[in-house]
Amino acid sequence: MNTTPVIGSSFCGLSLNSGQRLAVKGALLKLKLQEKLESIVFWGKIMGTEKDYLIAKSLKTGKMDLKKTFYVSVDDGVSFSALLPCNEEKAKQAAALKFEMFTGNPQKKYGKAPEGEEDEEKKVPDLRLTEEERLSWVVSSIDHETCLVPKASYVLTATSRIAKNPEFSGLTSEGSKHLESYALMRKPEDQKVVTKNKCRGPSNTTDFLDLISAAKPKGCWVIQSDDTGRLVTLRNLKWEGYEFHTVVGEPDFEGAYFGDGLANEDMSLMV
């Protein structure tokens, strides 16, 4: 069962080249062994004006808990390093950069450098937002709204642990056409779901995640099927570049983001 893409897959018409595929596959295997990660998968690509960022994601599930760690490569997938979360102040600065493209330089700083004494001891500290901090915020924001899985592919056990559902055999043809069949693999935020999880009895359930049918803005998700009706594709209109695939009657699924990291601010005019 793939919760994120096969490295060689194509999303929104884009994919890694052959050299990147080989490099990413080897680098992620090495990172998984070195860091003793439960899982690590390729997440997508943020395209810059000079270079691109390749992103990977580690997911650790526990007792009603989902811990995500993101990693970035600036050398076409040869090596990855952890993307550290930015603080609240830096997050506000990152959110304000709605239209500025990434460059591909993690050390780039936004805004005017502080003026100060030439003496190192009297120098004003440079607290400007770096592109790496902005990248961390953008990747987390995109993932928060697009971490898609079929609703029944994971189960909340009687002991409140999240685990893959061994009984999941894929969506039905009819079910695959409805937003209610897809959920977000994140800590639930919908108050109805939160309350239901708190009040549930000691039994397994697959109904414990937020559904994308309640996602905002309304209409941000679209579903399409190929001519056979078996290959189902979902796209997010707010984060253009995210695409999800699943096959009717099959347990495998995948999703990835290939884009510039900029939200579609005109979304409200399109739906």
# chains A, B, ... in the order shown; residues from 1 in each chain; ligands from 1
>>> select_by_dssp(residues="stretch 197-259 of chain A", states="helix (DSSP H, G or I)", output="list in words")
Asn197, Lys198, Cys199, Ile212, Ser213 and Ala214 of chain A
>>> write_last_selection(atoms="C-alpha atoms", output="PDB file, in the first residue's frame")
ATOM      1  CA  ASN A 197     -13.276   9.892  18.419  1.00  0.00           C
ATOM      2  CA  LYS A 198     -13.490  10.893  22.077  1.00  0.00           C
ATOM      3  CA  CYS A 199     -16.836   9.188  22.623  1.00  0.00           C
ATOM      4  CA  ILE A 212     -12.206  16.100   2.085  1.00  0.00           C
ATOM      5  CA  SER A 213     -15.924  16.594   1.434  1.00  0.00           C
ATOM      6  CA  ALA A 214     -15.721  19.152   4.268  1.00  0.00           C
TER       7      ALA A 214
END
>>> select_by_dssp(residues="stretch 20-206 of chain A", states="strand (DSSP E)", output="ChimeraX atom specification")
/A:40-46,53-62,65-73,81-83,148-150,154-156,162-164,182-184
>>> closest_residue(among="A:Lys123, A:Lys51, A:Lys92, A:Arg186", to="A:Asp75", atoms="only C-alpha atoms")
A:Lys51
>>> closest_residue(among="A:Glu243, A:Asp190, A:Glu88, A:Glu180", to="A:Ser15", atoms="only C-alpha atoms")
A:Glu243
>>> closest_residue(among="A:Ala256, A:Ala96, A:Tyr110, A:Asn264", to="A:Phe42", atoms="only C-alpha atoms")
A:Ala256
>>> residues_around(residues="A:Glu167", least_positions_apart="3", cutoff="10 Å", atoms="only C-alpha atoms", output="list in words")
Ala152, Ser153, Tyr154, Val155, Lys164, Gly170 and Pro251 of chain A
>>> write_last_selection(atoms="C-alpha atoms", output="short mmCIF file (atom, residue, chain, number, x, y, z; two decimals), in the first residue's frame")
data_model
loop_
_atom_site.label_atom_id
_atom_site.label_comp_id
_atom_site.auth_asym_id
_atom_site.auth_seq_id
_atom_site.Cartn_x
_atom_site.Cartn_y
_atom_site.Cartn_z
CA ALA A 152 -10.86 2.97 4.92
CA SER A 153 -7.14 2.45 4.22
CA TYR A 154 -6.20 3.16 7.85
CA VAL A 155 -7.84 2.02 11.05
CA LYS A 164 -2.79 0.37 8.07
CA GLY A 170 -9.55 -0.66 -2.60
CA PRO A 251 -5.42 -1.33 -2.32
#
>>> residues_around(residues="A:Glu38", least_positions_apart="4", cutoff="9 Å", atoms="only C-alpha atoms", output="count of residues only")
5
>>> closest_atom_pairs(of="stretch 138-201 of chain A", to="stretch 226-242 of chain A", cutoff="10 Å", atoms="only C-alpha atoms", output="JSON lines")
{"residue": "A:Ser141", "atom": "CA", "partner": "A:Trp239", "partner_atom": "CA", "distance": 9.7}
{"residue": "A:Ile142", "atom": "CA", "partner": "A:Trp239", "partner_atom": "CA", "distance": 6.8}
{"residue": "A:Asp143", "atom": "CA", "partner": "A:Tyr242", "partner_atom": "CA", "distance": 9.6}
{"residue": "A:Glu145", "atom": "CA", "partner": "A:Trp239", "partner_atom": "CA", "distance": 8.6}
{"residue": "A:Thr146", "atom": "CA", "partner": "A:Tyr242", "partner_atom": "CA", "distance": 7.4}
{"residue": "A:Cys147", "atom": "CA", "partner": "A:Tyr242", "partner_atom": "CA", "distance": 9.8}
{"residue": "A:Leu148", "atom": "CA", "partner": "A:Leu234", "partner_atom": "CA", "distance": 9.3}
{"residue": "A:Leu171", "atom": "CA", "partner": "A:Arg230", "partner_atom": "CA", "distance": 9.9}
{"residue": "A:Thr172", "atom": "CA", "partner": "A:Arg230", "partner_atom": "CA", "distance": 9.4}
{"residue": "A:Ser173", "atom": "CA", "partner": "A:Arg230", "partner_atom": "CA", "distance": 7.2}
{"residue": "A:Glu174", "atom": "CA", "partner": "A:Gly229", "partner_atom": "CA", "distance": 9.8}
{"residue": "A:Ser176", "atom": "CA", "partner": "A:Val232", "partner_atom": "CA", "distance": 7.1}
{"residue": "A:Lys177", "atom": "CA", "partner": "A:Val232", "partner_atom": "CA", "distance": 8.0}
{"residue": "A:Leu179", "atom": "CA", "partner": "A:Leu234", "partner_atom": "CA", "distance": 9.4}
{"residue": "A:Tyr182", "atom": "CA", "partner": "A:Leu234", "partner_atom": "CA", "distance": 9.8}
>>> decode(residues="stretch 236-249 of chain A", atoms="N, CA, C and O atoms", output="short mmCIF file (atom, residue, chain, number, x, y, z; two decimals), in the first residue's frame")
data_model
loop_
_atom_site.label_atom_id
_atom_site.label_comp_id
_atom_site.auth_asym_id
_atom_site.auth_seq_id
_atom_site.Cartn_x
_atom_site.Cartn_y
_atom_site.Cartn_z
N ASN A 236 -6.13 19.06 -6.50
CA ASN A 236 -6.48 20.14 -5.59
C ASN A 236 -6.33 21.46 -6.33
O ASN A 236 -5.25 21.77 -6.86
N LEU A 237 -7.39 22.24 -6.38
CA LEU A 237 -7.38 23.49 -7.13
C LEU A 237 -6.73 24.64 -6.38
O LEU A 237 -6.37 25.65 -6.99
N LYS A 238 -6.58 24.51 -5.08
CA LYS A 238 -5.88 25.55 -4.31
C LYS A 238 -4.38 25.37 -4.46
O LYS A 238 -3.65 26.32 -4.70
N TRP A 239 -3.92 24.13 -4.30
CA TRP A 239 -2.50 23.83 -4.47
C TRP A 239 -2.34 23.11 -5.81
O TRP A 239 -2.26 21.88 -5.87
N GLU A 240 -2.35 23.90 -6.88
CA GLU A 240 -2.24 23.33 -8.22
C GLU A 240 -0.87 22.66 -8.37
O GLU A 240 0.16 23.29 -8.13
N GLY A 241 -0.87 21.42 -8.74
CA GLY A 241 0.37 20.64 -8.80
C GLY A 241 0.27 19.40 -7.95
O GLY A 241 1.07 18.47 -8.09
N TYR A 242 -0.76 19.35 -7.06
CA TYR A 242 -0.97 18.13 -6.29
C TYR A 242 -1.93 17.21 -7.04
O TYR A 242 -2.98 17.65 -7.52
N GLU A 243 -1.55 15.94 -7.13
CA GLU A 243 -2.39 14.95 -7.80
C GLU A 243 -2.33 13.63 -7.05
O GLU A 243 -1.27 13.22 -6.57
N PHE A 244 -3.47 12.95 -6.98
CA PHE A 244 -3.60 11.68 -6.26
C PHE A 244 -4.18 10.64 -7.21
O PHE A 244 -5.08 10.93 -7.99
N HIS A 245 -3.64 9.41 -7.14
CA HIS A 245 -4.11 8.33 -8.00
C HIS A 245 -4.54 7.13 -7.16
O HIS A 245 -3.88 6.80 -6.16
N THR A 246 -5.59 6.48 -7.58
CA THR A 246 -5.95 5.18 -7.03
C THR A 246 -6.67 4.38 -8.12
O THR A 246 -7.18 4.96 -9.08
N VAL A 247 -6.67 3.07 -7.97
CA VAL A 247 -7.31 2.19 -8.94
C VAL A 247 -8.46 1.46 -8.26
O VAL A 247 -8.30 0.91 -7.17
N VAL A 248 -9.61 1.49 -8.87
CA VAL A 248 -10.80 0.84 -8.32
C VAL A 248 -10.51 -0.64 -8.06
O VAL A 248 -9.98 -1.35 -8.91
N GLY A 249 -10.83 -1.09 -6.85
CA GLY A 249 -10.65 -2.50 -6.50
C GLY A 249 -9.24 -2.90 -6.17
O GLY A 249 -8.96 -4.08 -5.96
#
